[in-house]
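Chemist: Below is entry.cif; it holds mmCIF, C-alpha atoms.
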data_start
loop_
_atom_site.label_atom_id
_atom_site.label_comp_id
_atom_site.auth_asym_id
_atom_site.auth_seq_id
_atom_site.Cartn_x
_atom_site.Cartn_y
_atom_site.Cartn_z
CA ASP A 808 58.12 41.00 38.44
CA THR A 809 57.94 38.59 35.53
CA GLY A 810 54.56 37.06 36.27
CA VAL A 811 51.31 37.41 34.36
CA SER A 812 49.92 40.92 34.68
CA GLN A 813 46.37 42.11 34.16
CA ASN A 814 44.97 45.60 33.84
CA PRO A 815 42.94 47.12 35.22
CA ARG A 816 42.69 45.26 38.51
CA HIS A 817 39.23 46.64 39.17
CA LYS A 818 36.60 48.02 36.82
CA ILE A 819 33.23 49.45 37.74
CA THR A 820 30.93 50.19 34.83
CA LYS A 821 27.32 50.94 34.18
CA ARG A 822 25.08 48.46 32.45
CA GLY A 823 25.24 48.87 28.71
CA GLN A 824 28.80 50.17 28.58
CA ASN A 825 31.67 48.40 26.87
CA VAL A 826 34.75 47.27 28.79
CA THR A 827 38.15 45.98 27.73
CA PHE A 828 40.67 44.08 29.83
CA ARG A 829 44.30 43.48 29.05
CA CYS A 830 46.53 40.52 29.89
CA ASP A 831 50.31 40.43 29.52
CA PRO A 832 51.57 36.84 29.77
CA ILE A 833 54.93 35.69 30.95
CA SER A 834 57.51 36.40 28.28
CA GLU A 835 57.95 33.53 25.80
CA HIS A 836 54.77 31.79 26.92
CA ASN A 837 52.93 31.04 23.69
CA ARG A 838 49.72 29.77 25.27
CA LEU A 839 47.25 32.16 26.83
CA TYR A 840 43.92 31.45 28.54
CA TRP A 841 41.01 33.47 29.84
CA TYR A 842 38.79 32.30 32.70
CA ARG A 843 35.91 33.85 34.57
CA GLN A 844 35.19 33.34 38.25
CA THR A 845 32.13 34.26 40.26
CA LEU A 846 31.93 34.34 44.04
CA GLY A 847 32.20 30.93 45.67
CA GLN A 848 32.86 29.12 42.40
CA GLY A 849 35.99 27.85 40.74
CA PRO A 850 37.26 29.55 37.59
CA GLU A 851 35.45 28.69 34.35
CA PHE A 852 37.24 28.49 31.03
CA LEU A 853 36.42 31.10 28.40
CA THR A 854 38.97 30.85 25.61
CA TYR A 855 42.49 29.77 24.66
CA PHE A 856 45.17 31.09 22.32
CA GLN A 857 48.26 29.46 20.98
CA ASN A 858 50.39 32.30 19.69
CA GLU A 859 47.91 34.56 17.86
CA ALA A 860 45.47 31.78 16.97
CA GLN A 861 42.33 31.40 19.05
CA LEU A 862 42.01 27.63 19.22
CA GLU A 863 39.14 27.10 21.61
CA LYS A 864 36.14 29.05 22.84
CA SER A 865 33.69 28.11 25.55
CA ARG A 866 29.93 28.60 25.35
CA LEU A 867 30.43 30.94 28.31
CA LEU A 868 32.09 33.44 25.97
CA SER A 869 28.95 35.31 25.07
CA ASP A 870 28.08 36.85 21.73
CA ARG A 871 28.85 40.20 23.32
CA SER A 872 32.40 39.14 24.20
CA SER A 873 35.49 38.80 22.09
CA ALA A 874 39.14 38.10 22.80
CA GLU A 875 42.15 38.90 20.68
CA ARG A 876 45.86 38.27 20.73
CA PRO A 877 46.99 40.03 17.56
CA LYS A 878 50.76 39.65 17.83
CA GLY A 879 50.92 36.55 19.94
CA SER A 880 51.97 38.51 23.01
CA PHE A 881 49.40 40.42 25.09
CA SER A 882 45.70 39.69 24.84
CA THR A 883 42.53 41.74 25.28
CA LEU A 884 39.08 40.64 26.33
CA GLU A 885 36.21 42.94 25.42
CA ILE A 886 32.65 42.76 26.67
CA GLN A 887 30.11 44.91 24.86
CA ARG A 888 26.82 46.16 26.28
CA THR A 889 27.63 44.86 29.73
CA GLU A 890 24.95 43.26 31.88
CA GLN A 891 24.87 42.71 35.61
CA GLY A 892 25.47 39.02 35.01
CA ASP A 893 28.88 39.91 33.60
CA SER A 894 30.06 40.92 37.07
CA ALA A 895 32.88 38.53 37.92
CA MET A 896 36.62 38.15 38.25
CA TYR A 897 38.29 37.69 34.87
CA LEU A 898 41.49 35.68 35.10
CA CYS A 899 44.24 35.31 32.54
CA ALA A 900 46.81 32.52 32.53
CA SER A 901 49.74 31.59 30.35
CA SER A 902 51.89 28.52 29.83
CA PRO A 903 55.16 27.83 28.05
CA PRO A 904 55.64 25.95 24.78
CA LEU A 905 56.81 22.78 26.48
CA ALA A 906 56.59 19.47 24.78
CA GLY A 907 54.27 16.99 26.37
CA THR A 908 50.91 17.50 27.95
CA ALA A 909 51.31 18.16 31.65
CA TYR A 910 52.33 21.80 31.50
CA GLU A 911 51.13 24.09 34.26
CA GLN A 912 49.32 27.36 33.84
CA TYR A 913 50.48 30.57 35.51
CA PHE A 914 47.66 32.86 36.53
CA GLY A 915 47.50 36.61 36.83
CA PRO A 916 45.79 38.43 39.73
CA GLY A 917 42.61 38.97 37.75
CA THR A 918 40.40 41.91 36.82
CA ARG A 919 37.32 42.32 38.97
CA LEU A 920 34.39 43.68 36.97
CA THR A 921 31.37 45.18 38.69
CA VAL A 922 28.42 46.15 36.52
CA THR A 923 26.00 48.52 38.21
CA ASP B 1326 31.46 19.94 34.32
CA ALA B 1327 34.15 19.16 36.87
CA LYS B 1328 35.04 15.48 36.93
CA THR B 1329 36.42 15.42 40.46
CA THR B 1330 34.76 15.56 43.87
CA GLN B 1331 36.28 17.13 46.96
CA PRO B 1332 35.01 18.02 50.44
CA ASN B 1333 33.77 21.59 50.63
CA SER B 1334 35.95 22.46 53.59
CA MET B 1335 38.64 21.14 55.90
CA GLU B 1336 40.36 22.45 58.96
CA SER B 1337 43.88 21.95 60.26
CA ASN B 1338 46.18 23.23 62.94
CA GLU B 1339 49.37 25.06 62.18
CA GLU B 1340 52.46 22.85 61.81
CA GLU B 1341 50.38 19.69 61.49
CA PRO B 1342 50.08 17.62 58.31
CA VAL B 1343 47.03 18.05 56.11
CA HIS B 1344 45.58 15.42 53.81
CA LEU B 1345 43.22 16.78 51.17
CA PRO B 1346 41.27 14.03 49.37
CA CYS B 1347 39.95 13.98 45.84
CA ASN B 1348 37.85 11.43 43.96
CA HIS B 1349 38.18 11.09 40.20
CA SER B 1350 36.39 7.84 39.44
CA THR B 1351 36.01 8.53 35.70
CA ILE B 1352 39.70 9.07 35.08
CA SER B 1353 41.15 7.53 31.94
CA GLY B 1354 44.59 5.99 31.65
CA THR B 1355 46.15 9.11 30.14
CA ASP B 1356 44.53 11.80 32.30
CA TYR B 1357 46.77 13.68 34.69
CA ILE B 1358 45.77 14.86 38.17
CA HIS B 1359 46.61 18.49 38.80
CA TRP B 1360 46.28 20.45 42.01
CA TYR B 1361 46.02 24.23 42.15
CA ARG B 1362 45.33 26.48 45.08
CA GLN B 1363 43.87 29.95 45.29
CA LEU B 1364 44.74 32.29 48.11
CA PRO B 1365 42.32 35.10 48.94
CA SER B 1366 42.22 37.84 46.29
CA GLN B 1367 44.75 36.07 44.06
CA GLY B 1368 44.67 33.95 40.92
CA PRO B 1369 45.10 30.19 41.20
CA GLU B 1370 48.59 28.85 41.76
CA TYR B 1371 49.96 25.51 40.53
CA VAL B 1372 50.80 23.10 43.34
CA ILE B 1373 51.62 19.70 41.89
CA HIS B 1374 50.57 17.16 39.27
CA GLY B 1375 50.94 13.43 38.67
CA LEU B 1376 49.91 10.53 36.49
CA THR B 1377 50.43 7.25 38.31
CA SER B 1378 53.30 7.47 40.74
CA ASN B 1379 53.39 9.49 43.93
CA VAL B 1380 55.05 12.87 43.44
CA ASN B 1381 56.88 15.25 45.73
CA ASN B 1382 57.91 18.86 45.31
CA ARG B 1383 58.82 21.73 47.59
CA MET B 1384 55.19 22.63 48.18
CA ALA B 1385 53.47 19.29 48.70
CA SER B 1386 53.23 15.59 48.00
CA LEU B 1387 50.66 13.85 45.83
CA ALA B 1388 49.62 10.31 46.62
CA ILE B 1389 47.68 8.58 43.83
CA ALA B 1390 45.70 5.43 44.53
CA GLU B 1391 46.71 2.29 42.69
CA ASP B 1392 43.43 2.25 40.72
CA ARG B 1393 43.86 6.01 40.08
CA LYS B 1394 40.28 6.73 41.11
CA SER B 1395 41.37 8.92 43.98
CA SER B 1396 44.31 10.96 45.16
CA THR B 1397 45.43 12.88 48.22
CA LEU B 1398 47.32 16.14 48.39
CA ILE B 1399 49.57 16.20 51.43
CA LEU B 1400 50.86 19.36 53.04
CA HIS B 1401 53.49 18.12 55.46
CA ARG B 1402 53.40 21.05 57.88
CA ALA B 1403 50.55 23.47 57.40
CA THR B 1404 51.23 27.16 57.88
CA LEU B 1405 48.79 30.04 58.08
CA ARG B 1406 49.83 30.97 54.53
CA ASP B 1407 48.47 27.62 53.30
CA ALA B 1408 44.90 28.73 54.02
CA ALA B 1409 43.34 28.70 50.56
CA VAL B 1410 40.90 26.93 48.27
CA TYR B 1411 42.51 23.78 46.88
CA TYR B 1412 41.34 22.50 43.50
CA CYS B 1413 41.85 18.97 42.24
CA ILE B 1414 41.63 18.81 38.44
CA GLN B 1415 41.48 15.84 36.11
CA ARG B 1416 43.19 16.94 32.96
CA GLU B 1417 43.07 15.26 29.56
CA THR B 1418 46.42 14.88 27.89
CA SER B 1419 45.27 16.71 24.82
CA GLY B 1420 43.18 19.31 26.61
CA SER B 1421 44.18 22.90 26.93
CA ARG B 1422 41.68 24.04 29.50
CA LEU B 1423 41.61 23.47 33.23
CA THR B 1424 38.17 22.46 34.51
CA PHE B 1425 37.85 23.63 38.09
CA GLY B 1426 35.25 22.40 40.55
CA GLU B 1427 34.39 24.22 43.74
CA GLY B 1428 37.47 22.98 45.56
CA THR B 1429 38.18 22.51 49.25
CA GLN B 1430 38.44 25.55 51.48
CA LEU B 1431 41.30 24.84 53.88
CA THR B 1432 41.33 26.72 57.17
CA VAL B 1433 44.54 26.63 59.20
CA ASN B 1434 44.20 27.41 62.89
CA PRO B 1435 47.10 28.98 64.80
#
Translate the structure of the given file into structure tokens.
Modeler:
Amino acid sequence: DTGVSQNPRHKITKRGQNVTFRCDPISEHNRLYWYRQTLGQGPEFLTYFQNEAQLEKSRLLSDRSSAERPKGSFSTLEIQRTEQGDSAMYLCASSPPLAGTAYEQYFGPGTRLTVT
Amino acid sequence: DAKTTQPNSMESNEEEPVHLPCNHSTISGTDYIHWYRQLPSQGPEYVIHGLTSNVNNRMASLAIAEDRKSSTLILHRATLRDAAVYYCIQRETSGSRLTFGEGTQLTVNP
């Protein structure tokens, strides 16, 4: 399978613990995105990388959260001191380095975080 | 905030056509219209996109109004596997993010 993969698929943690999620984009896709989705809502943008550079961050990416993409391939999203409000599905997407502006994003299956 | 408006839900019968509407009255001349869908327990999936002309692909057709303030996603023959939330997204040419609204929950009856 050459799609976007995310690990773990499910994570249950206690409030106050740190969690880290991993995203492996489609090979040769230089753009990588993180979104967060809560029940009944559409995904909300968190942050965007082009290669290893983090080019855009949303206000939704809290001070307790950070994302990295050190070698321009896989990415990690860390949430420190988790709160119940962090419970959500965290989605990763990637897109190829096509010229033009109408490129599509390919999404992974997501990591569901439950903070108890 | 999402710039498009869609009905919360729609229902269709299997093997019948489905027309999913979307309003994007604030669209600028260079914004594209993208459609994604999300099946249960999966990430969103690209369906189709367009700028001005109607577009067809293997999944669906996209009809864009002449004034570009609305569009319609057309599934020619709905199947049970088409039951999903469909998102209409107005995307700036220079933007990197996708701004999702709440989408339309499509139910397909056998």
Chemist: Tell me which residues the PyMOL selection byres ((chain B) within 8 of (chain A)) grabs here, as a PyMOL selection string.
Modeler: chain B and resi 1357+1366-1371+1374+1418-1419+1421-1428
Chemist: Quick one: pull the distance between CA of Gln1430 in chain B and CA of Arg1383 in chain B, Å, one decimal.
Modeler: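 According to the coordinates, CA of Gln1430 in chain B and CA of Arg1383 in chain B are separated by 21.1 Å.
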Chemist: At most 7 Å from (49.7, 10.9, 48.6), file frame, only C-alpha atoms: which residues, as an NGL selection string?
Modeler: :B and (1379 or 1386-1389 or 1396-1399)
Chemist: How far is it from CA of Leu884 in chain A to CA of Lys864 in chain A, in Å with one decimal?
Modeler: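 Spanning CA of Leu884 in chain A to CA of Lys864 in chain A is a straight-line distance of 12.5 Å.
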Chemist: Just give me the gap between CA of Glu1391 in chain B and CA of Met1335 in chain B in Å, one decimal is fine.
Modeler: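 According to the coordinates, CA of Glu1391 in chain B and CA of Met1335 in chain B are separated by 24.4 Å.
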Chemist: Name every residue that the PyMOL selection byres ((chain B and resi 1338) around 10) selects in this structure, writing the answer as a tab-separated table (two decimals) with C-alpha atoms, keeping the file's coordinate frame with chains first and numbers rising.
Modeler:
chain	number	residue	atom	x	y	z
B	1336	GLU	CA	40.36	22.45	58.96
B	1337	SER	CA	43.88	21.95	60.26
B	1339	GLU	CA	49.37	25.06	62.18
B	1340	GLU	CA	52.46	22.85	61.81
B	1341	GLU	CA	50.38	19.69	61.49
B	1342	PRO	CA	50.08	17.62	58.31
B	1343	VAL	CA	47.03	18.05	56.11
B	1402	ARG	CA	53.40	21.05	57.88
B	1403	ALA	CA	50.55	23.47	57.40
B	1404	THR	CA	51.23	27.16	57.88
B	1405	LEU	CA	48.79	30.04	58.08
B	1432	THR	CA	41.33	26.72	57.17
B	1433	VAL	CA	44.54	26.63	59.20
B	1434	ASN	CA	44.20	27.41	62.89
B	1435	PRO	CA	47.10	28.98	64.80
Chemist: When distances are computed from only C-alpha atoms, which of B:His1401, B:Lys1328, B:Arg1393, B:His1344 shows the smallest separation from Arg1416 in chain B?
Modeler: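 Of B:His1401, B:Lys1328, B:Arg1393, B:His1344, the one nearest Arg1416 in chain B is B:Lys1328, counting only C-alpha atoms.
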Chemist: List the residues matched by the PyMOL selection byres ((chain A and resi 904) around 7) in the displayed structure as a JSON list (two decimals) with C-alpha atoms, keeping the file's coordinate frame, ordered by chain and then by residue number.
Modeler:
[["chain", "number", "residue", "atom", "x", "y", "z"],
["A", 836, "HIS", "CA", 54.77, 31.79, 26.92],
["A", 837, "ASN", "CA", 52.93, 31.04, 23.69],
["A", 902, "SER", "CA", 51.89, 28.52, 29.83],
["A", 903, "PRO", "CA", 55.16, 27.83, 28.05],
["A", 905, "LEU", "CA", 56.81, 22.78, 26.48],
["A", 906, "ALA", "CA", 56.59, 19.47, 24.78]]
Chemist: Counting all atoms listed in the file, figure out which residue out of A:Arg871, A:Ile886, A:Gln891, A:Asn858 gets nearest to Phe828 in chain A.
Modeler: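 Nearest candidate to Phe828 in chain A out of A:Arg871, A:Ile886, A:Gln891, A:Asn858: A:Ile886.
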Chemist: Find the residue from A:Pro877, A:Asp893, A:Thr883, A:Gln861 that sits nearest to Asn814 in chain A; use only C-alpha atoms when measuring.
Modeler: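 Closest candidate: A:Thr883.
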Chemist: List as a CSV table (one decimal) with C-alpha atoms, keeping the file's coordinate frame the protein and nucleic acid residues near Thr923 in chain A, meaning an atom at most 10 Å away when only C-alpha atoms are counted, but skip any in the same chain fewer than 2 places from it.
Modeler:
chain,number,residue,atom,x,y,z
A,819,ILE,CA,33.2,49.4,37.7
A,820,THR,CA,30.9,50.2,34.8
A,821,LYS,CA,27.3,50.9,34.2
A,822,ARG,CA,25.1,48.5,32.4
A,823,GLY,CA,25.2,48.9,28.7
A,889,THR,CA,27.6,44.9,29.7
A,890,GLU,CA,25.0,43.3,31.9
A,891,GLN,CA,24.9,42.7,35.6
A,894,SER,CA,30.1,40.9,37.1
A,920,LEU,CA,34.4,43.7,37.0
A,921,THR,CA,31.4,45.2,38.7
Chemist: When you count all atoms listed in the file, which of these residues is closest to His1359 in chain B: B:Val1380, B:Leu1345, B:Ile1414, B:Ala1408?
Modeler: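 Comparing B:Val1380, B:Leu1345, B:Ile1414, B:Ala1408 against His1359 in chain B, the winner is B:Ile1414.
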Chemist: In terms of the shortest atom-to-atom distance over all atoms listed in the file, which of A:Ser901, A:Asn825, A:Gln813, A:Ser882 is closest to Glu859 in chain A?
Modeler: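 Among the listed residues, the smallest separation from Glu859 in chain A belongs to A:Ser882.
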Chemist: With all atoms listed in the file as the basis for distance, which of A:Pro815, A:Arg876, A:Thr845, A:Leu868 is at the shortest distance from Pro832 in chain A?
Modeler: A:Arg876
Chemist: Which protein, DNA or RNA residues have an atom at most 7 Å from (35.9, 6.1, 40.7), counting all atoms listed in the file? List them as a PyMOL selection string.
Modeler: chain B and resi 1348-1351+1394-1395
Chemist: Within 7 Å of Ala1409 in chain B, counting only C-alpha atoms, which residues show up once you throw out same-chain ones fewer than 6 positions away? Write them as JSON, numbers by chain, please.
Modeler: {"B": [1362, 1363, 1364, 1365, 1430, 1431]}
